[in-house]
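*Asks:* What follows is final.cif; its format and atoms are mmCIF, C-alpha atoms (C1' of nucleotides).
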```
data_start
loop_
_atom_site.label_atom_id
_atom_site.label_comp_id
_atom_site.auth_asym_id
_atom_site.auth_seq_id
_atom_site.Cartn_x
_atom_site.Cartn_y
_atom_site.Cartn_z
CA MET Y 157 45.62 0.22 18.77
CA GLN Y 158 43.04 1.81 16.52
CA SER Y 159 39.79 2.87 18.12
CA SER Y 160 36.65 1.22 16.84
CA LEU Y 161 35.34 4.61 15.76
CA ILE Y 162 38.33 5.09 13.44
CA ASP Y 163 37.77 1.57 12.12
CA HIS Y 164 34.17 2.43 11.41
CA ILE Y 165 34.95 5.70 9.64
CA ASN Y 166 37.59 3.90 7.59
CA LYS Y 167 34.93 1.67 6.14
CA PHE Y 168 33.43 4.67 4.37
CA ILE Y 169 36.23 7.15 3.68
CA GLU Y 170 40.03 7.17 3.69
CA LEU Y 171 41.73 8.90 6.58
CA THR Y 172 45.30 10.18 6.74
CA ASP Y 173 47.28 9.84 9.96
CA ALA Y 174 46.80 13.57 10.40
CA ASP Y 175 43.01 13.15 10.13
CA ILE Y 176 43.10 10.39 12.71
CA GLY Y 177 45.08 12.60 15.05
CA LEU Y 178 42.56 15.41 14.66
CA ILE Y 179 39.64 13.08 15.29
CA ASN Y 180 41.24 11.50 18.32
CA SER Y 181 41.94 14.88 19.85
CA ALA Y 182 38.30 15.93 19.35
CA VAL Y 183 36.73 12.94 21.06
CA VAL Y 184 36.55 11.67 24.62
CA VAL Y 185 36.29 7.96 25.26
CA LYS Y 186 34.33 7.03 28.36
CA SER Y 187 33.75 3.76 30.14
CA ILE Y 188 30.39 3.94 31.80
CA LYS Y 189 28.67 1.59 34.18
CA LYS Y 190 25.22 0.14 33.58
CA LYS Y 191 22.48 2.67 34.43
CA THR Y 192 24.75 5.70 33.99
CA PHE Y 193 22.99 8.62 32.31
CA LEU Y 194 24.62 10.53 29.45
CA LEU Y 195 21.61 12.82 29.04
CA GLN Y 196 18.66 13.71 31.23
CA PRO Y 197 15.50 15.78 30.62
CA ASP Y 198 15.75 19.58 30.83
CA HIS Y 199 19.39 19.47 29.84
CA ILE Y 200 20.53 20.61 26.41
CA CYS Y 201 22.23 17.79 24.55
CA HIS Y 202 25.73 18.86 23.51
CA GLU Y 203 27.24 15.58 22.37
CA ILE Y 204 26.80 12.69 20.00
CA TYR Y 205 27.75 9.22 21.16
CA PHE Y 206 29.29 6.33 19.29
CA VAL Y 207 28.93 3.02 21.08
CA SER Y 208 32.15 1.04 20.86
CA LYS Y 209 31.06 -1.54 23.42
CA GLY Y 210 27.84 -2.26 25.25
CA CYS Y 211 24.37 -0.86 24.76
CA LEU Y 212 22.62 2.47 25.35
CA ARG Y 213 18.95 3.38 25.24
CA LEU Y 214 17.14 6.64 24.43
CA TYR Y 215 13.82 7.10 26.23
CA PHE Y 216 11.38 9.61 27.65
CA ILE Y 217 8.66 9.51 30.29
CA ASN Y 218 5.24 9.62 28.63
CA LYS Y 219 2.02 11.13 29.95
CA LYS Y 220 1.14 7.92 31.75
CA LEU Y 221 4.49 8.19 33.53
CA ASN Y 222 5.89 5.11 31.84
CA GLU Y 223 9.28 4.92 30.19
CA GLN Y 224 8.99 5.00 26.40
CA ILE Y 225 12.15 3.77 24.69
CA THR Y 226 12.56 5.14 21.17
CA GLN Y 227 15.99 3.81 20.30
CA PHE Y 228 18.69 1.40 21.31
CA ALA Y 229 22.31 1.74 20.23
CA ILE Y 230 24.73 -1.17 20.25
CA GLU Y 231 28.27 -1.51 18.93
CA ASN Y 232 28.97 0.81 15.97
CA TRP Y 233 25.79 2.83 16.28
CA TRP Y 234 25.49 6.53 16.95
CA ILE Y 235 22.95 7.89 19.39
CA THR Y 236 21.89 11.35 20.47
CA ASP Y 237 18.88 13.67 20.65
CA TYR Y 238 19.34 15.56 17.38
CA HIS Y 239 16.44 17.89 18.07
CA SER Y 240 18.00 19.17 21.27
CA LEU Y 241 21.52 19.14 19.79
CA GLU Y 242 20.70 21.10 16.65
CA ASN Y 243 18.24 23.59 18.11
CA ASN Y 244 20.00 24.10 21.43
CA VAL Y 245 16.82 23.40 23.34
CA PRO Y 246 16.31 21.31 26.48
CA SER Y 247 15.79 17.63 25.79
CA ASN Y 248 12.84 15.49 26.93
CA TYR Y 249 15.02 12.42 26.81
CA TYR Y 250 17.24 10.20 28.86
CA ILE Y 251 20.23 8.45 27.33
CA GLN Y 252 21.27 5.64 29.63
CA ALA Y 253 23.64 2.68 29.57
CA VAL Y 254 21.76 -0.63 29.54
CA GLU Y 255 25.03 -2.54 30.03
CA ASN Y 256 28.50 -1.50 31.16
CA SER Y 257 29.59 0.27 28.01
CA GLU Y 258 32.31 2.19 26.27
CA VAL Y 259 31.29 5.25 24.29
CA VAL Y 260 33.11 7.76 22.12
CA CYS Y 261 31.73 11.22 22.90
CA ILE Y 262 32.02 14.16 20.53
CA ASN Y 263 31.00 17.61 21.58
CA LYS Y 264 28.89 19.38 18.93
CA ASN Y 265 31.16 22.41 18.71
CA LYS Y 266 34.24 20.24 18.41
CA LEU Y 267 32.50 18.24 15.72
CA ASP Y 268 31.76 21.42 13.79
CA ASP Y 269 35.44 22.39 14.04
CA LEU Y 270 36.40 18.92 12.94
CA PHE Y 271 34.25 19.25 9.80
CA GLU Y 272 36.30 22.33 8.89
CA LYS Y 273 39.59 20.55 9.45
CA VAL Y 274 38.63 17.19 7.94
CA PRO Y 275 35.99 17.95 5.28
CA ARG Y 276 35.82 14.32 4.17
CA LEU Y 277 34.10 13.58 7.45
CA GLU Y 278 31.04 15.29 5.99
CA ARG Y 279 30.82 12.33 3.66
CA TYR Y 280 31.07 9.80 6.48
CA PHE Y 281 28.32 11.48 8.45
CA ARG Y 282 26.20 12.02 5.34
CA ILE Y 283 26.24 8.26 4.80
CA VAL Y 284 25.64 7.49 8.50
CA GLN Y 285 22.68 9.89 8.61
CA GLN Y 286 21.24 8.47 5.43
CA ARG Y 287 21.37 4.97 6.88
CA ALA Y 288 19.81 6.17 10.09
CA PHE Y 289 16.99 7.83 8.17
CA SER Y 290 16.52 4.76 6.03
CA ALA Y 291 16.22 2.64 9.18
CA ALA Y 292 13.67 5.10 10.57
CA GLN Y 293 11.66 4.87 7.33
CA LYS Y 294 11.64 1.07 7.66
CA ARG Y 295 10.64 1.32 11.28
CA ILE Y 296 7.65 3.54 10.45
CA GLU Y 297 6.73 1.04 7.72
CA TYR Y 298 6.73 -1.77 10.30
CA ILE Y 299 4.77 0.23 12.85
CA TYR Y 300 2.00 0.68 10.31
CA SER Y 301 2.21 -2.78 8.73
CA PHE Y 302 2.04 -5.09 11.69
CA THR Y 303 0.08 -5.58 14.88
CA ASP Y 304 2.04 -5.36 18.12
CA GLU Y 305 2.24 -9.13 18.35
CA GLU Y 306 3.51 -9.39 14.76
CA ARG Y 307 6.10 -6.69 15.42
CA TYR Y 308 7.38 -8.59 18.44
CA ARG Y 309 7.78 -11.82 16.44
CA HIS Y 310 9.37 -9.93 13.57
CA PHE Y 311 11.83 -8.16 15.85
CA ARG Y 312 12.70 -11.42 17.57
CA SER Y 313 13.42 -13.08 14.24
CA LEU Y 314 15.57 -10.17 13.04
CA PHE Y 315 17.62 -9.74 16.21
CA PRO Y 316 17.59 -13.02 18.12
CA GLY Y 317 20.86 -12.18 19.85
CA PHE Y 318 19.86 -8.72 20.90
CA ILE Y 319 16.71 -9.71 22.78
CA GLN Y 320 18.86 -11.84 25.09
CA ARG Y 321 20.81 -8.76 26.10
CA ILE Y 322 17.98 -6.62 27.42
CA PRO Y 323 15.13 -7.09 29.93
CA GLN Y 324 11.85 -8.02 28.25
CA TYR Y 325 10.13 -4.95 29.60
CA MET Y 326 12.56 -2.75 27.68
CA LEU Y 327 11.72 -4.52 24.46
CA ALA Y 328 8.01 -4.11 25.23
CA SER Y 329 8.61 -0.40 25.75
CA TYR Y 330 10.55 -0.09 22.49
CA LEU Y 331 7.81 -1.92 20.62
CA GLY Y 332 5.17 0.29 22.21
CA PHE Y 333 3.21 -2.10 24.40
CA THR Y 334 2.98 -3.21 28.03
CA PRO Y 335 5.05 -5.87 29.81
CA GLN Y 336 1.77 -7.66 30.57
CA PHE Y 337 0.97 -7.96 26.90
CA MET Y 338 4.51 -9.16 26.26
CA SER Y 339 4.01 -11.93 28.82
CA LYS Y 340 0.75 -12.89 27.18
CA ILE Y 341 2.23 -13.38 23.73
CA ARG Y 342 5.34 -15.09 25.09
CA ALA Y 343 3.10 -17.54 26.93
CA LYS Y 344 1.63 -18.72 23.62
CA LYS Y 345 3.36 -21.62 21.90
CA ILE Y 346 5.70 -20.18 19.21
CA MET N 409 16.37 32.52 -12.96
CA GLN N 410 17.80 30.36 -10.18
CA SER N 411 16.12 27.05 -9.54
CA SER N 412 14.59 26.56 -6.13
CA LEU N 413 16.94 23.64 -5.51
CA ILE N 414 19.98 25.89 -5.95
CA ASP N 415 18.35 28.42 -3.62
CA HIS N 416 17.86 25.70 -1.05
CA ILE N 417 21.43 24.41 -1.28
CA ASN N 418 22.69 27.99 -1.01
CA LYS N 419 21.09 28.30 2.39
CA PHE N 420 23.55 25.72 3.74
CA ILE N 421 26.73 25.96 1.67
CA GLU N 422 28.32 28.38 -0.79
CA LEU N 423 28.27 27.41 -4.43
CA THR N 424 30.44 28.77 -7.21
CA ASP N 425 28.97 29.33 -10.68
CA ALA N 426 30.88 26.25 -11.78
CA ASP N 427 29.23 24.20 -9.00
CA ILE N 428 25.82 25.45 -10.08
CA GLY N 429 26.54 24.47 -13.66
CA LEU N 430 27.55 20.96 -12.58
CA ILE N 431 24.46 20.56 -10.44
CA ASN N 432 22.14 21.79 -13.15
CA SER N 433 23.60 19.40 -15.67
CA ALA N 434 23.11 16.48 -13.28
CA VAL N 435 19.43 17.07 -12.59
CA VAL N 436 16.24 16.82 -14.61
CA VAL N 437 13.33 19.09 -13.80
CA LYS N 438 9.93 17.58 -14.45
CA SER N 439 6.44 19.01 -14.37
CA ILE N 440 4.09 16.24 -13.41
CA LYS N 441 0.33 16.10 -13.27
CA LYS N 442 -1.64 15.08 -10.22
CA LYS N 443 -1.69 11.28 -9.77
CA THR N 444 1.48 10.72 -11.82
CA PHE N 445 3.73 8.01 -10.34
CA LEU N 446 7.47 8.55 -9.96
CA LEU N 447 7.97 5.11 -8.38
CA GLN N 448 5.92 1.93 -8.27
CA PRO N 449 6.34 -1.37 -6.39
CA ASP N 450 8.74 -3.96 -7.81
CA HIS N 451 10.82 -1.26 -9.44
CA ILE N 452 14.23 -0.31 -8.11
CA CYS N 453 14.31 3.31 -7.07
CA HIS N 454 17.11 5.10 -8.93
CA GLU N 455 16.37 8.73 -8.15
CA ILE N 456 15.87 11.18 -5.35
CA TYR N 457 13.27 13.92 -5.76
CA PHE N 458 13.27 17.50 -4.60
CA VAL N 459 9.83 19.10 -4.66
CA SER N 460 10.03 22.64 -6.01
CA LYS N 461 6.27 23.00 -6.36
CA GLY N 462 3.29 20.90 -5.34
CA CYS N 463 3.09 17.82 -3.15
CA LEU N 464 4.12 14.18 -3.40
CA ARG N 465 3.27 11.22 -1.22
CA LEU N 466 5.14 7.99 -0.42
CA TYR N 467 2.90 5.02 0.31
CA PHE N 468 2.60 1.25 0.15
CA ILE N 469 -0.28 -1.23 0.09
CA ASN N 470 -0.55 -2.99 3.44
CA LYS N 471 -1.77 -6.51 4.15
CA LYS N 472 -5.35 -5.34 4.41
CA LEU N 473 -4.96 -3.91 0.89
CA ASN N 474 -5.24 -0.34 2.08
CA GLU N 475 -2.91 2.46 1.10
CA GLN N 476 -0.54 3.34 3.94
CA ILE N 477 1.07 6.74 3.45
CA THR N 478 4.39 7.07 5.26
CA GLN N 479 5.53 10.47 4.04
CA PHE N 480 4.42 13.62 2.30
CA ALA N 481 6.83 16.01 0.60
CA ILE N 482 5.94 19.61 -0.12
CA GLU N 483 8.05 22.50 -1.39
CA ASN N 484 11.74 22.19 -0.43
CA TRP N 485 11.53 18.62 0.81
CA TRP N 486 13.34 15.61 -0.54
CA ILE N 487 11.58 12.31 -1.02
CA THR N 488 12.67 8.84 -2.09
CA ASP N 489 12.81 5.23 -0.94
CA TYR N 490 16.32 5.15 0.50
CA HIS N 491 16.20 1.44 1.21
CA SER N 492 15.59 0.60 -2.44
CA LEU N 493 17.97 3.31 -3.65
CA GLU N 494 20.92 2.31 -1.51
CA ASN N 495 20.58 -1.45 -1.68
CA ASN N 496 19.48 -1.66 -5.29
CA VAL N 497 16.49 -3.77 -4.36
CA PRO N 498 12.89 -3.54 -5.63
CA SER N 499 10.76 -1.08 -3.73
CA ASN N 500 7.44 -1.78 -2.00
CA TYR N 501 6.44 1.82 -2.43
CA TYR N 502 4.60 4.21 -4.66
CA ILE N 503 5.70 7.82 -5.01
CA GLN N 504 2.83 9.80 -6.47
CA ALA N 505 1.94 13.43 -7.10
CA VAL N 506 -0.92 14.58 -4.88
CA GLU N 507 -1.13 17.88 -6.78
CA ASN N 508 0.24 19.05 -10.13
CA SER N 509 3.86 19.42 -9.14
CA GLU N 510 7.35 20.33 -10.24
CA VAL N 511 10.17 18.09 -9.09
CA VAL N 512 13.93 18.12 -9.48
CA CYS N 513 15.09 14.55 -10.15
CA ILE N 514 18.62 13.34 -9.52
CA ASN N 515 19.74 9.93 -10.59
CA LYS N 516 21.72 8.11 -7.91
CA ASN N 517 24.75 7.49 -10.10
CA LYS N 518 24.81 11.08 -11.25
CA LEU N 519 24.54 12.17 -7.64
CA ASP N 520 27.52 10.01 -6.74
CA ASP N 521 29.51 11.63 -9.58
CA LEU N 522 28.38 15.01 -8.40
CA PHE N 523 29.72 14.32 -4.90
CA GLU N 524 33.15 13.73 -6.48
CA LYS N 525 33.00 16.95 -8.48
CA VAL N 526 31.42 19.15 -5.81
CA PRO N 527 32.53 17.69 -2.47
CA ARG N 528 30.85 20.49 -0.52
CA LEU N 529 27.55 18.93 -1.50
CA GLU N 530 28.33 16.20 1.02
CA ARG N 531 27.86 18.84 3.66
CA TYR N 532 24.51 19.96 2.26
CA PHE N 533 23.18 16.41 2.17
CA ARG N 534 24.65 15.61 5.58
CA ILE N 535 22.62 18.46 7.02
CA VAL N 536 19.49 17.52 5.03
CA GLN N 537 19.72 13.90 6.16
CA GLN N 538 20.28 14.91 9.75
CA ARG N 539 17.15 17.06 9.68
CA ALA N 540 15.20 14.25 8.06
CA PHE N 541 16.35 11.84 10.76
CA SER N 542 15.56 14.35 13.48
CA ALA N 543 12.04 14.73 12.06
CA ALA N 544 11.68 10.94 12.00
CA GLN N 545 12.81 10.76 15.66
CA LYS N 546 10.15 13.34 16.58
CA ARG N 547 7.56 11.45 14.58
CA ILE N 548 8.29 8.21 16.43
CA GLU N 549 8.07 10.17 19.69
CA TYR N 550 4.60 11.42 18.71
CA ILE N 551 3.43 8.00 17.59
CA TYR N 552 4.21 6.62 21.03
CA SER N 553 3.11 9.67 23.04
CA PHE N 554 -0.35 10.36 21.74
CA THR N 555 -3.54 8.53 20.90
CA ASP N 556 -4.66 8.68 17.27
CA GLU N 557 -7.15 11.41 18.10
CA GLU N 558 -4.48 13.46 19.86
CA ARG N 559 -2.12 13.02 16.94
CA TYR N 560 -4.75 14.30 14.55
CA ARG N 561 -5.35 17.42 16.64
CA HIS N 562 -1.64 17.97 17.07
CA PHE N 563 -0.95 17.61 13.35
CA ARG N 564 -3.82 19.97 12.55
CA SER N 565 -2.43 22.60 14.91
CA LEU N 566 1.10 22.25 13.51
CA PHE N 567 0.16 22.31 9.81
CA PRO N 568 -3.20 24.09 9.47
CA GLY N 569 -2.43 25.07 5.88
CA PHE N 570 -1.32 21.64 4.76
CA ILE N 571 -4.46 19.79 5.80
CA GLN N 572 -6.45 22.00 3.42
CA ARG N 573 -4.33 20.77 0.51
CA ILE N 574 -4.98 17.05 0.79
CA PRO N 575 -8.06 14.81 1.03
CA GLN N 576 -8.92 13.86 4.61
CA TYR N 577 -8.53 10.16 3.88
CA MET N 578 -4.87 10.73 3.00
CA LEU N 579 -4.27 12.42 6.32
CA ALA N 580 -6.03 9.53 8.07
CA SER N 581 -3.75 7.12 6.22
CA TYR N 582 -0.62 9.10 7.16
CA LEU N 583 -1.72 9.20 10.79
CA GLY N 584 -2.41 5.48 10.73
CA PHE N 585 -6.17 5.26 11.17
CA THR N 586 -9.32 4.84 9.09
CA PRO N 587 -11.30 7.55 7.28
CA GLN N 588 -14.31 6.49 9.39
CA PHE N 589 -12.45 7.26 12.59
CA MET N 590 -11.33 10.57 11.10
CA SER N 591 -14.97 11.47 10.44
CA LYS N 592 -15.88 10.51 13.97
CA ILE N 593 -13.36 12.82 15.59
CA ARG N 594 -14.03 15.65 13.13
CA ALA N 595 -17.74 15.43 14.00
CA LYS N 596 -16.96 16.27 17.63
CA LYS N 597 -17.01 19.94 18.56
CA ILE N 598 -13.42 21.26 18.51
"C1'" DC B 894 -24.33 20.30 -17.89
"C1'" DG B 895 -24.73 15.93 -15.88
"C1'" DA B 896 -23.00 11.19 -15.05
"C1'" DA B 897 -19.34 8.99 -13.01
"C1'" DT B 898 -16.07 8.89 -9.73
"C1'" DT B 899 -14.09 10.41 -5.41
"C1'" DT B 900 -14.54 11.69 -0.94
"C1'" DC B 901 -16.89 11.96 3.43
"C1'" DT B 902 -20.20 10.50 7.00
"C1'" DT B 903 -23.05 7.57 10.25
"C1'" DA B 904 -23.91 3.71 13.12
"C1'" DA B 905 -23.69 -1.09 14.97
"C1'" DT B 906 -20.61 -4.57 16.28
"C1'" DC B 907 -16.05 -6.50 17.14
"C1'" DT B 908 -10.81 -6.84 18.42
"C1'" DT B 909 -6.46 -5.74 20.06
"C1'" DG B 910 -4.05 -4.53 23.51
"C1'" DA B 911 -4.47 -1.36 28.00
"C1'" DT B 912 -5.53 -1.22 32.83
"C1'" DT B 913 -5.62 -2.88 37.38
"C1'" DC B 914 -4.18 -5.62 40.88
"C1'" DA B 915 -1.97 -9.52 42.71
"C1'" DT B 916 1.57 -12.93 42.80
"C1'" DT B 917 5.83 -15.24 41.52
"C1'" DT B 918 10.51 -15.43 39.90
"C1'" DT B 919 15.00 -13.58 39.22
"C1'" DT B 920 18.77 -10.58 40.09
"C1'" DT B 921 21.55 -7.62 42.83
"C1'" DG B 922 24.50 -6.01 46.23
"C1'" DA B 923 25.70 -5.22 51.26
"C1'" DT Q 1082 23.84 -15.44 51.81
"C1'" DC Q 1083 19.83 -13.46 52.10
"C1'" DA Q 1084 16.94 -9.33 52.02
"C1'" DA Q 1085 15.51 -6.02 48.92
"C1'" DA Q 1086 14.77 -4.61 44.50
"C1'" DA Q 1087 13.88 -5.60 39.79
"C1'" DA Q 1088 11.60 -8.28 36.40
"C1'" DA Q 1089 8.08 -11.37 34.74
"C1'" DT Q 1090 3.52 -13.47 34.89
"C1'" DG Q 1091 -1.61 -14.10 35.27
"C1'" DA Q 1092 -6.39 -12.98 35.01
"C1'" DA Q 1093 -10.54 -9.92 34.84
"C1'" DT Q 1094 -12.35 -5.86 32.97
"C1'" DC Q 1095 -12.18 -1.90 29.91
"C1'" DA Q 1096 -11.41 1.39 25.92
"C1'" DA Q 1097 -9.69 3.10 21.53
"C1'" DG Q 1098 -10.17 2.48 17.20
"C1'" DA Q 1099 -11.23 -1.27 13.33
"C1'" DT Q 1100 -14.66 -3.39 10.54
"C1'" DT Q 1101 -18.71 -3.62 7.91
"C1'" DA Q 1102 -22.23 -1.78 5.44
"C1'" DA Q 1103 -24.86 1.86 3.80
"C1'" DG Q 1104 -25.63 6.36 2.02
"C1'" DA Q 1105 -24.76 11.31 1.19
"C1'" DA Q 1106 -21.97 15.00 -0.55
"C1'" DA Q 1107 -18.53 16.91 -3.40
"C1'" DT Q 1108 -15.49 16.85 -7.51
"C1'" DT Q 1109 -14.19 16.01 -11.99
"C1'" DC Q 1110 -14.20 15.98 -16.69
"C1'" DG Q 1111 -16.19 14.55 -21.28
#
```
Show the structure stored in the file as structure tokens.
*Replies:*
Amino acid sequence: MQSSLIDHINKFIELTDADIGLINSAVVVKSIKKKTFLLQPDHICHEIYFVSKGCLRLYFINKKLNEQITQFAIENWWITDYHSLENNVPSNYYIQAVENSEVVCINKNKLDDLFEKVPRLERYFRIVQQRAFSAAQKRIEYIYSFTDEERYRHFRSLFPGFIQRIPQYMLASYLGFTPQFMSKIRAKKI
Amino acid sequence: MQSSLIDHINKFIELTDADIGLINSAVVVKSIKKKTFLLQPDHICHEIYFVSKGCLRLYFINKKLNEQITQFAIENWWITDYHSLENNVPSNYYIQAVENSEVVCINKNKLDDLFEKVPRLERYFRIVQQRAFSAAQKRIEYIYSFTDEERYRHFRSLFPGFIQRIPQYMLASYLGFTPQFMSKIRAKKI
DNA sequence: CGAATTTCTTAATCTTGATTCATTTTTTGA
DNA sequence: TCAAAAAATGAATCAAGATTAAGAAATTCG
């Protein structure tokens, strides 16, 4: 039984059985219950996470003491705090399971070793990072193109399935407005 | 005389003379005058640009017919529309020189060939993309943490030199507010 | 140099979405 | 199964920043 991470990597590069062995021995697969934290503020982030099942969120507490979600990760997405990971500085973020989930964890040092042993993985992660950056570029475009209400309708039309999976207040947080405002626009006909 | 792109790559990976030759034969260095466009809407973006001198901006025209700048690139930064580049679809964006500039242009197909010939370049671009994504994560954090006025003051304290180089209205556009509001907050004492 | 263009400023009014506070509905888990 | 916690809603007031409409100042370049 192939892990879903290996399946995902295989979509971008070819792996030998030896490569797969090396990858599998570098990762730890964890089943985590809803609300479990994988990262909390003031801790240095040492791992990147691949979601094989479920949903995680990345958020921080803003000055008004509200949760501000900056990213969700569902099946086949990576999530981590790259700033903390790369600069070895304490994070401001929480990474938390929104649903019971299964994640593939890779420690940063082990990942660096793995790049030495399986150089083709550089290509896989180059492509993954480029897609992530491209998505971030699009997101910034949307933030500056639409009003909050438009962004909600747009998001709902793009990911109709996803909004069923999470509480409305989390979507409001991700979109950058209050649950009250969310209620207001949901109360309007279409 | 080494190009500044080669210098930059050399900070992350080791290149042989043969590698350098291959890279140099894949790129085109252009000197472009202020206001020159490297990309315009409805065109598919086929190149990525490395700024060796000067400053470029990436922007689109929003629904209110105003320019919305989403990115600047100064010396040693890459800039392109990855969405258009990767999916071969027409761009919504302009890429324009803000100052007389020198850019290293790499065609996407030539870059793909180059990855075959110089696989270690995957590593360089993996790191560059990861940094770009990390910067985008931080930017989204700031967008949702601060008011517009706070973001202006924060940006000014982070990049005091840069704000001298560009017209104020471009900074207002990048920060997502109007030139009038920019004037208002600049008129306040400190 | 001097006219044209770009850029910046001021001020009055208006809008989107926040805040506050209260209530209702839904979900969870002992 | 039912009490407690979590999530969603509603309405009144408020604030940050947009809009509109002039003008003033600074650059550019023929």
*Asks:* Neighbours of stretch 1087-1104 of chain Q within 10 Å (all atoms listed in the file; same-chain residues fewer than 4 positions away dropped), as a PyMOL selection string?
*Replies:* (chain Y and resi 323-325+335-336+338-340+343) or (chain N and resi 555-557+585-586+588-589) or (chain B and resi 902-921)
*Asks:* Give me a file of those residues, with C-alpha atoms (C1' of nucleotides), as a PDB file, in the coordinates of the input.
*Replies:*
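File result_13.pdb, as written:
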```pdb
ATOM      1  CA  PRO Y 323      15.130  -7.090  29.930  1.00  0.00           C
ATOM      2  CA  GLN Y 324      11.850  -8.020  28.250  1.00  0.00           C
ATOM      3  CA  TYR Y 325      10.130  -4.950  29.600  1.00  0.00           C
ATOM      4  CA  PRO Y 335       5.050  -5.870  29.810  1.00  0.00           C
ATOM      5  CA  GLN Y 336       1.770  -7.660  30.570  1.00  0.00           C
ATOM      6  CA  MET Y 338       4.510  -9.160  26.260  1.00  0.00           C
ATOM      7  CA  SER Y 339       4.010 -11.930  28.820  1.00  0.00           C
ATOM      8  CA  LYS Y 340       0.750 -12.890  27.180  1.00  0.00           C
ATOM      9  CA  ALA Y 343       3.100 -17.540  26.930  1.00  0.00           C
TER      10      ALA Y 343
ATOM     11  CA  THR N 555      -3.540   8.530  20.900  1.00  0.00           C
ATOM     12  CA  ASP N 556      -4.660   8.680  17.270  1.00  0.00           C
ATOM     13  CA  GLU N 557      -7.150  11.410  18.100  1.00  0.00           C
ATOM     14  CA  PHE N 585      -6.170   5.260  11.170  1.00  0.00           C
ATOM     15  CA  THR N 586      -9.320   4.840   9.090  1.00  0.00           C
ATOM     16  CA  GLN N 588     -14.310   6.490   9.390  1.00  0.00           C
ATOM     17  CA  PHE N 589     -12.450   7.260  12.590  1.00  0.00           C
TER      18      PHE N 589
ATOM     19  C1'  DT B 902     -20.200  10.500   7.000  1.00  0.00           C
ATOM     20  C1'  DT B 903     -23.050   7.570  10.250  1.00  0.00           C
ATOM     21  C1'  DA B 904     -23.910   3.710  13.120  1.00  0.00           C
ATOM     22  C1'  DA B 905     -23.690  -1.090  14.970  1.00  0.00           C
ATOM     23  C1'  DT B 906     -20.610  -4.570  16.280  1.00  0.00           C
ATOM     24  C1'  DC B 907     -16.050  -6.500  17.140  1.00  0.00           C
ATOM     25  C1'  DT B 908     -10.810  -6.840  18.420  1.00  0.00           C
ATOM     26  C1'  DT B 909      -6.460  -5.740  20.060  1.00  0.00           C
ATOM     27  C1'  DG B 910      -4.050  -4.530  23.510  1.00  0.00           C
ATOM     28  C1'  DA B 911      -4.470  -1.360  28.000  1.00  0.00           C
ATOM     29  C1'  DT B 912      -5.530  -1.220  32.830  1.00  0.00           C
ATOM     30  C1'  DT B 913      -5.620  -2.880  37.380  1.00  0.00           C
ATOM     31  C1'  DC B 914      -4.180  -5.620  40.880  1.00  0.00           C
ATOM     32  C1'  DA B 915      -1.970  -9.520  42.710  1.00  0.00           C
ATOM     33  C1'  DT B 916       1.570 -12.930  42.800  1.00  0.00           C
ATOM     34  C1'  DT B 917       5.830 -15.240  41.520  1.00  0.00           C
ATOM     35  C1'  DT B 918      10.510 -15.430  39.900  1.00  0.00           C
ATOM     36  C1'  DT B 919      15.000 -13.580  39.220  1.00  0.00           C
ATOM     37  C1'  DT B 920      18.770 -10.580  40.090  1.00  0.00           C
ATOM     38  C1'  DT B 921      21.550  -7.620  42.830  1.00  0.00           C
TER      39       DT B 921
END
```
*Asks:* To box stretch 902-915 of chain B, take all atoms listed in the file, fit an axis-aligned box, add 6 Å on each side, and give centre and edge lengths in Å to one decimal, as AutoDock Vina command-line options.
*Replies:*
```
--center_x -12.9 --center_y 0.5 --center_z 24.9 --size_x 33.9 --size_y 32.0 --size_z 47.7
```
*Asks:* Contacts between chain Y and chain N, please, where a residue of chain N counts if it comes within 8 Å (with all atoms listed in the file); show its shortest atom pair and distance in Å to one decimal, rows by chain and ascending number, as a tab-separated table.
*Replies:*
```
residue	atom	partner	partner_atom	distance
N:Asn470	CA	Y:Ser301	CA	6.0
N:Lys471	CA	Y:Ser301	CA	7.1
N:Gln476	CA	Y:Tyr300	CA	7.4
N:Thr478	CA	Y:Glu297	CA	6.9
N:Asp489	CA	Y:Ser290	CA	7.9
N:Tyr490	CA	Y:Ser290	CA	5.5
N:His491	CA	Y:Ser290	CA	5.9
N:Glu530	CA	Y:Arg279	CA	5.3
N:Arg531	CA	Y:Glu278	CA	5.3
N:Phe533	CA	Y:Arg282	CA	6.2
N:Arg534	CA	Y:Arg282	CA	3.9
N:Ile535	CA	Y:Arg282	CA	7.6
N:Gln537	CA	Y:Gln285	CA	5.6
N:Gln538	CA	Y:Gln285	CA	5.7
N:Ala540	CA	Y:Phe289	CA	6.7
N:Phe541	CA	Y:Phe289	CA	4.8
N:Ser542	CA	Y:Tyr238	CA	5.6
N:Ala544	CA	Y:Ala292	CA	6.3
N:Gln545	CA	Y:Ala292	CA	7.7
N:Lys546	CA	Y:His239	CA	7.9
N:Ile548	CA	Y:Thr226	CA	7.1
N:Glu549	CA	Y:Thr226	CA	6.9
N:Tyr552	CA	Y:Gly332	CA	6.5
N:Ser553	CA	Y:Asn218	CA	6.0
N:Gly584	CA	Y:Tyr300	CA	6.5
```
*Asks:* Taking the file above as input, evaluate the PyMOL selection byres ((chain Y and resi 192) around 10) and report the hits as a count of residues only.
*Replies:* 16
*Asks:* Selection in question (the file shown): the PyMOL selection byres ((chain Y and resi 261) around 6). Which residues does it include, as a list in words?
*Replies:*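 The output of the PyMOL selection byres ((chain Y and resi 261) around 6) on this file is Val183, Val184, Ile204, Tyr205, Val260 and Ile262 of chain Y.
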